[in-house]
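Note sheet for the following structure.
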Amino acid sequence: MGRRIIWQLYPPYILLILAALTVVIWYASTSVENLYRERTSADLYSRAVLIEQQARHLLTQDRHQALDSLVKELGPDSKTRITVILTSGRVIADSDEDVALMDNHANRPEIQQALEGERGVSSRFSNTLKKSMMYVAIPLVSGDRIEAVLRTSIPVKMVDETLTTLGNQIAVGGLIVVVLAALISLVITRRISRPIERLRQGAERFAEGDLSYQLPIPSTEEVGGLAQSMNKMAAQLDDRLRMVLRQRNEIQGILSSMVEGVLAVDPEGRLLNLNEAAAEMLQIDADQVRGRSVRDVIPNEQLRDLLTHVLASREPVEGAITVGEENDERYVQGHGTLLIDPQGKSIGAVVVLNDITRLRRLETVRREFVANVSHELKTPITAIKGFVETLLDGALDSPEDARRFLTIVADKVDHMTEIIEDLLALSRIEQDVDKEEIRLERGNIREVLEAAMDTCVGKAKEANVDLVMECPEDLYARINNPLLEQGVVNLIDNAIKYSGERDKVDIRAEAKNGHVVISVIDHGSGIPPEHLPRLFERFYRVDKGRSRQLGGSGLGLAITKHIALAHGGEISVKSELGQGSTFSIAIPHTLEATGDIAPVSW
Ligand code: ADP
């Protein structure tokens, strides 16, 4: 850090002022001194001239005594020492001393100058008075002969004293000027430095990130311009930062709301970014892996290979990745592209991951379904073909055999029809659900159960099974009446099929936890637990032979499950081997006893 601006400006100012003042004072005092000395000598000369006349008069009459008395009288009055010296150097009159005691004055410089006819001036030490004196001497001329020299003098001390007083006054004035100048220059330097200091403080706030701060604009043009420019710069910076932030948030928002996994790497294979979907697919913690090498943080080898491949290729790269443990694998499709800057240099790569597990499963389900349908239909067709051939081979001739075989053929055709009808029913429900075309209206549950029992009562009688219903009168729900009835019929039908002789099947409905739960309870063989999870799949049968023998299509429970789903509910089963099974449909309960309910698509 350098020195503060005030300390850079102020001392030179003071030095400048002192130097200027010294020169001025020196010049002024020398001038004053010279002037004063000149004036003093002119003064001494005037005094000499004033008494010149009288002195010359007394001198020409040789009245040396009178001359001495005259100067002794005039000298003290005018505070001037007056001396008269003959050309020989002998002093004949002196205002301050006894002439008899005085030595020869011929070689005094002012005397010598005067003897040559000029005005003699000299400042020197007086041997007579033992102090510094200033002398002026003029010749006393009679005719054209120099008779003597008249000299006036005063002590230099008097001159010096005056000069010292004058000097002191100048010094005091100077000091006052210095102090004033110092104060003024302090004010000026502060006026220059303060706005700059404010700018510095403002710039520091900018640097700390407070870009919305506005610097005050000082009145000086240069500093004011600088402050304005800085304010403009900060505002622009603020705008850009906001834009970058907004863009970053947008990208982050897009990435995190994407179902597809996205990961970006730099050319060295370090993970720059990955979204939540990618982290979840790869089962890694997004925050921990950012900035680290793909080699260290991505356990999946296929993905690592894909990334290496992408970084090495200018073309988009595709690859299949399997993640997760055995039996719970997820299949992911990866699409990678190299990122290239405007100069054509690689700046990394982006890989988009698509979880195609569901698609794959659907594909499998579809394949299995086609296989199942084919198989289901093939069995009766093979049988029909066999009987028809037997008939053609001669059985037709025996009317008894022919009737028997044709009855079987008719049974098989019925079975096939049943399968096809169930398939059609199932696909209709599915399509209606897909198109949201199933209309739900407020309906009484007891009525539905009664209708279903009516349908099944014949079969129940045949099988010697009692149907017992338990249902409150005022139980309502939003239902599609014929569909729900179909679902309950399927359950009762199964219950009758899998009950023993003289058994009873309970059909119950109740309101429970906001749902209407319809249960069909039998006391038959029950279902082994390992079959329960798959029971509602199409064509799934616990005992294939028995089911076919009982004339089931294997689609009844699948249909009922879809009916439950179409009501916004679900189906469940509880079963114990040898004790019987309970199948339950739970659909949302409608509490209001009256009121129109508009058909709702859901
Ligand atoms: P199906 O037309 O063969 O009855 P479902 O889909 O209705 O086909 O039933 C599938 C299988 O579930 C049946 O084959 C049967 O093995 C078993 N199942 C259904 N209901 C019962 C029940 N009440 N008791 C025992 N097993 C049952």
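In the structure tokens, chains take the letters A, B, ... in the order shown, each chain's residues start at 1, and ligands count up from 1 in the order shown.
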Check which residues of chain A sit at most 7 Å from ligand 1 using only C-alpha atoms and all ligand atoms, and return one row each with the closest pair of atoms and their distance in Å to one decimal, ordered by chain and rising number, as a tab-separated table.
```
residue	atom	partner	partner_atom_place_in_ligand_line	distance
A:Asn490	CA	ligand 1	7 (O)	6.5
A:Leu491	CA	ligand 1	20 (N)	6.8
A:Asn494	CA	ligand 1	20 (N)	4.6
A:Ala495	CA	ligand 1	23 (N)	4.0
A:Tyr498	CA	ligand 1	24 (N)	4.8
A:Asp522	CA	ligand 1	23 (N)	6.1
A:Gly524	CA	ligand 1	24 (N)	6.2
A:Ser525	CA	ligand 1	25 (C)	5.9
A:Gly526	CA	ligand 1	25 (C)	4.8
A:Ile527	CA	ligand 1	25 (C)	5.2
A:Leu535	CA	ligand 1	12 (O)	5.6
A:Phe536	CA	ligand 1	6 (O)	6.4
A:Arg538	CA	ligand 1	6 (O)	6.8
A:Phe539	CA	ligand 1	6 (O)	6.5
A:Tyr540	CA	ligand 1	10 (C)	5.6
A:Arg541	CA	ligand 1	14 (O)	3.6
A:Val542	CA	ligand 1	16 (O)	3.6
A:Asp543	CA	ligand 1	16 (O)	5.1
A:Lys544	CA	ligand 1	14 (O)	6.4
A:Ser547	CA	ligand 1	3 (O)	4.7
A:Arg548	CA	ligand 1	3 (O)	6.6
A:Gly551	CA	ligand 1	2 (O)	6.8
A:Gly552	CA	ligand 1	2 (O)	3.1
A:Ser553	CA	ligand 1	2 (O)	4.1
A:Gly554	CA	ligand 1	8 (O)	3.2
A:Leu555	CA	ligand 1	6 (O)	4.3
A:Gly556	CA	ligand 1	7 (O)	3.6
A:Leu557	CA	ligand 1	6 (O)	3.7
A:Ala558	CA	ligand 1	6 (O)	5.7
A:Gly580	CA	ligand 1	24 (N)	6.4
A:Ser581	CA	ligand 1	23 (N)	5.5
```
Written file, previous selection with N, CA, C and O atoms, as a short mmCIF file (atom, residue, chain, number, x, y, z; two decimals), in the first residue's frame:
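Result saved to selection37.cif:
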```
data_model
loop_
_atom_site.label_atom_id
_atom_site.label_comp_id
_atom_site.auth_asym_id
_atom_site.auth_seq_id
_atom_site.Cartn_x
_atom_site.Cartn_y
_atom_site.Cartn_z
N ASN A 490 -67.04 -61.47 -10.81
CA ASN A 490 -65.82 -62.27 -11.02
C ASN A 490 -65.34 -62.87 -9.70
O ASN A 490 -64.94 -64.03 -9.63
N LEU A 491 -65.36 -62.05 -8.65
CA LEU A 491 -64.85 -62.53 -7.35
C LEU A 491 -65.77 -63.63 -6.79
O LEU A 491 -65.29 -64.66 -6.30
N ASN A 494 -65.31 -66.86 -8.73
CA ASN A 494 -64.10 -67.59 -8.28
C ASN A 494 -64.36 -68.26 -6.93
O ASN A 494 -64.00 -69.42 -6.73
N ALA A 495 -64.97 -67.51 -6.02
CA ALA A 495 -65.20 -68.02 -4.68
C ALA A 495 -66.05 -69.30 -4.74
O ALA A 495 -65.77 -70.28 -4.04
N TYR A 498 -63.94 -72.21 -6.15
CA TYR A 498 -62.89 -72.76 -5.30
C TYR A 498 -63.40 -73.11 -3.89
O TYR A 498 -62.60 -73.35 -3.00
N ASP A 522 -64.27 -66.70 0.87
CA ASP A 522 -64.66 -68.11 0.73
C ASP A 522 -63.93 -68.93 1.78
O ASP A 522 -63.02 -68.44 2.45
N GLY A 524 -62.64 -72.01 1.00
CA GLY A 524 -62.19 -73.11 0.17
C GLY A 524 -60.74 -73.48 0.39
O GLY A 524 -60.20 -73.35 1.51
N SER A 525 -60.09 -73.81 -0.73
CA SER A 525 -58.76 -74.39 -0.64
C SER A 525 -57.68 -73.39 -0.25
O SER A 525 -56.64 -73.77 0.29
N GLY A 526 -57.91 -72.13 -0.54
CA GLY A 526 -56.87 -71.12 -0.27
C GLY A 526 -55.80 -71.14 -1.35
O GLY A 526 -55.81 -72.01 -2.24
N ILE A 527 -54.90 -70.15 -1.29
CA ILE A 527 -53.88 -70.01 -2.34
C ILE A 527 -52.50 -70.00 -1.69
O ILE A 527 -52.27 -69.25 -0.73
N LEU A 535 -51.01 -63.03 -8.80
CA LEU A 535 -52.35 -63.55 -9.01
C LEU A 535 -53.19 -62.71 -9.97
O LEU A 535 -54.04 -63.23 -10.68
N PHE A 536 -52.89 -61.39 -9.98
CA PHE A 536 -53.75 -60.50 -10.78
C PHE A 536 -53.21 -60.31 -12.19
O PHE A 536 -53.73 -59.49 -12.94
N ARG A 538 -52.55 -61.27 -16.11
CA ARG A 538 -53.39 -61.99 -17.10
C ARG A 538 -52.92 -63.42 -17.28
O ARG A 538 -51.71 -63.66 -17.34
N PHE A 539 -53.86 -64.29 -17.34
CA PHE A 539 -53.61 -65.72 -17.58
C PHE A 539 -52.82 -66.40 -16.48
O PHE A 539 -52.34 -67.51 -16.66
N TYR A 540 -52.68 -65.74 -15.35
CA TYR A 540 -51.94 -66.39 -14.26
C TYR A 540 -52.90 -67.32 -13.52
O TYR A 540 -53.97 -66.90 -13.06
N ARG A 541 -52.47 -68.55 -13.42
CA ARG A 541 -53.33 -69.50 -12.70
C ARG A 541 -52.49 -70.25 -11.70
O ARG A 541 -51.33 -70.57 -11.96
N VAL A 542 -53.11 -70.56 -10.58
CA VAL A 542 -52.39 -71.30 -9.55
C VAL A 542 -52.28 -72.78 -9.97
O VAL A 542 -51.21 -73.35 -9.99
N ASP A 543 -53.40 -73.30 -10.36
CA ASP A 543 -53.41 -74.70 -10.80
C ASP A 543 -54.04 -74.72 -12.19
O ASP A 543 -55.25 -74.63 -12.34
N LYS A 544 -53.15 -74.81 -13.20
CA LYS A 544 -53.61 -74.62 -14.58
C LYS A 544 -54.69 -75.63 -14.95
O LYS A 544 -55.74 -75.28 -15.46
N SER A 547 -58.04 -75.03 -13.10
CA SER A 547 -58.70 -73.81 -13.55
C SER A 547 -59.39 -74.05 -14.89
O SER A 547 -60.53 -73.68 -15.08
N ARG A 548 -58.62 -74.69 -15.82
CA ARG A 548 -59.22 -74.92 -17.15
C ARG A 548 -60.44 -75.82 -17.03
O ARG A 548 -61.47 -75.58 -17.64
N GLY A 551 -63.29 -74.13 -16.21
CA GLY A 551 -63.77 -73.25 -17.28
C GLY A 551 -63.34 -71.81 -17.14
O GLY A 551 -63.94 -70.91 -17.71
N GLY A 552 -62.28 -71.56 -16.38
CA GLY A 552 -61.82 -70.16 -16.24
C GLY A 552 -60.96 -69.74 -17.41
O GLY A 552 -60.26 -70.55 -18.01
N SER A 553 -60.99 -68.45 -17.73
CA SER A 553 -60.15 -67.94 -18.82
C SER A 553 -58.80 -67.51 -18.28
O SER A 553 -57.87 -67.24 -19.03
N GLY A 554 -58.68 -67.37 -16.97
CA GLY A 554 -57.43 -66.87 -16.39
C GLY A 554 -57.36 -65.35 -16.45
O GLY A 554 -56.34 -64.75 -16.15
N LEU A 555 -58.47 -64.71 -16.83
CA LEU A 555 -58.45 -63.24 -16.98
C LEU A 555 -59.34 -62.54 -15.95
O LEU A 555 -59.29 -61.32 -15.81
N GLY A 556 -60.13 -63.32 -15.24
CA GLY A 556 -61.13 -62.74 -14.33
C GLY A 556 -60.52 -61.77 -13.32
O GLY A 556 -60.99 -60.63 -13.18
N LEU A 557 -59.48 -62.19 -12.63
CA LEU A 557 -58.89 -61.31 -11.60
C LEU A 557 -58.22 -60.08 -12.23
O LEU A 557 -58.26 -59.00 -11.66
N ALA A 558 -57.63 -60.29 -13.45
CA ALA A 558 -57.00 -59.15 -14.13
C ALA A 558 -58.07 -58.10 -14.45
O ALA A 558 -57.86 -56.90 -14.24
N GLY A 580 -59.19 -70.77 3.17
CA GLY A 580 -59.98 -69.93 2.27
C GLY A 580 -59.28 -68.62 1.95
O GLY A 580 -58.18 -68.35 2.44
N SER A 581 -59.96 -67.83 1.12
CA SER A 581 -59.33 -66.58 0.65
C SER A 581 -60.31 -65.43 0.81
O SER A 581 -61.52 -65.60 0.78
#
```
Test item: residues at most 9 Å from Gly174 of chain A, only C-alpha atoms, excluding those fewer than 4 positions along its chain, as a PyMOL selection string: chain A and resi 21-22+25+169-170+178-179
Contact residues around Ala137 of chain A with only C-alpha atoms at 9 Å, ignoring same-chain residues under 5 positions, as a list in words: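 Selected residues are Leu44, Tyr45, Ala48, Glu110, Ile111, Gln113, Ala114, Glu118, Arg119, Gly120, Val121, Ser122, Val149, Leu150, Arg151, Thr152 and Ser153 of chain A.
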Residue neighbourhood segment 203-207 of chain A, 10 Å, only C-alpha atoms, exclusion window fewer than 4 positions, as a list in words: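 The filter keeps Glu197, Arg198, Leu199, Leu211, Ser212, Tyr213, Gln214, Leu215, Ala227, Met230, Asn231, Met233, Ala234, Ala235, Leu237 and Asp238 of chain A.
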Every residue of segment 195-332 of chain A that DSSP places in helix (DSSP H, G or I), as an NGL selection string: :A and (195-207 or 221-257 or 276-282 or 286-289 or 294-297 or 301-312)
Distance in Å - atom CA of Asn480 of chain A versus atom CA of Ala586 of chain A: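 Those two atoms sit 14.0 Å apart.
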Give me, as a tab-separated table, the closest atom pair and its distance (Å, one decimal) for every residue of segment 340-451 of chain A within a cut-off of 12 Å of segment 470-476 of chain A, counting only C-alpha atoms, rows sorted by chain and rising number.
```
residue	atom	partner	partner_atom	distance
A:Leu440	CA	A:Tyr476	CA	11.9
A:Glu441	CA	A:Tyr476	CA	9.9
A:Arg442	CA	A:Tyr476	CA	6.5
A:Gly443	CA	A:Tyr476	CA	5.5
A:Asn444	CA	A:Tyr476	CA	4.7
A:Ile445	CA	A:Leu475	CA	5.7
A:Arg446	CA	A:Cys471	CA	5.9
A:Glu447	CA	A:Glu473	CA	8.6
A:Val448	CA	A:Tyr476	CA	10.4
A:Leu449	CA	A:Cys471	CA	8.4
A:Glu450	CA	A:Cys471	CA	9.7
```
Residues within 10 Å of Trp7 of chain A, only C-alpha atoms, excluding chain neighbours under 4 positions, as a list in words: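 Residues near the query, excluding close chain neighbours: Arg3, Pro11, Pro12, Thr189 and Ser193 of chain A.
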Test item: residues at most 10 Å from Ile146 of chain A, only C-alpha atoms, excluding those fewer than 4 positions along its chain, as a PyMOL selection string: chain A and resi 86-87+114-117+139-142
Contacts of Phe583 of chain A within 6 Å, only C-alpha atoms, excl. fewer than 2 positions in-chain, as a PyMOL selection string: chain A and resi 519-520+572-573
DSSP-assigned strand (DSSP E) among segment 234-400 of chain A, expressed as a PyMOL selection string: chain A and resi 261-265+271-274+317-323+330-340+346-355
Interatomic distance, atom CA of Lys232 of chain A to atom CA of Ile5 of chain A (Å, one decimal): 25.1 Å
Å distance separating atom CA of Gln54 of chain A from atom CA of Ser95 of chain A, one decimal place: 14.9 Å
Output as JSON lines one row per residue of segment 336-443 of chain A within 8 Å of segment 257-261 of chain A: the closest atom pair and its distance in Å to one decimal place, counting only C-alpha atoms, sorted by chain and residue number ascending.
```
{"residue": "A:Val352", "atom": "CA", "partner": "A:Gly261", "partner_atom": "CA", "distance": 5.6}
{"residue": "A:Leu353", "atom": "CA", "partner": "A:Gly261", "partner_atom": "CA", "distance": 4.6}
{"residue": "A:Asn354", "atom": "CA", "partner": "A:Glu260", "partner_atom": "CA", "distance": 5.2}
{"residue": "A:Asp355", "atom": "CA", "partner": "A:Glu260", "partner_atom": "CA", "distance": 7.1}
```
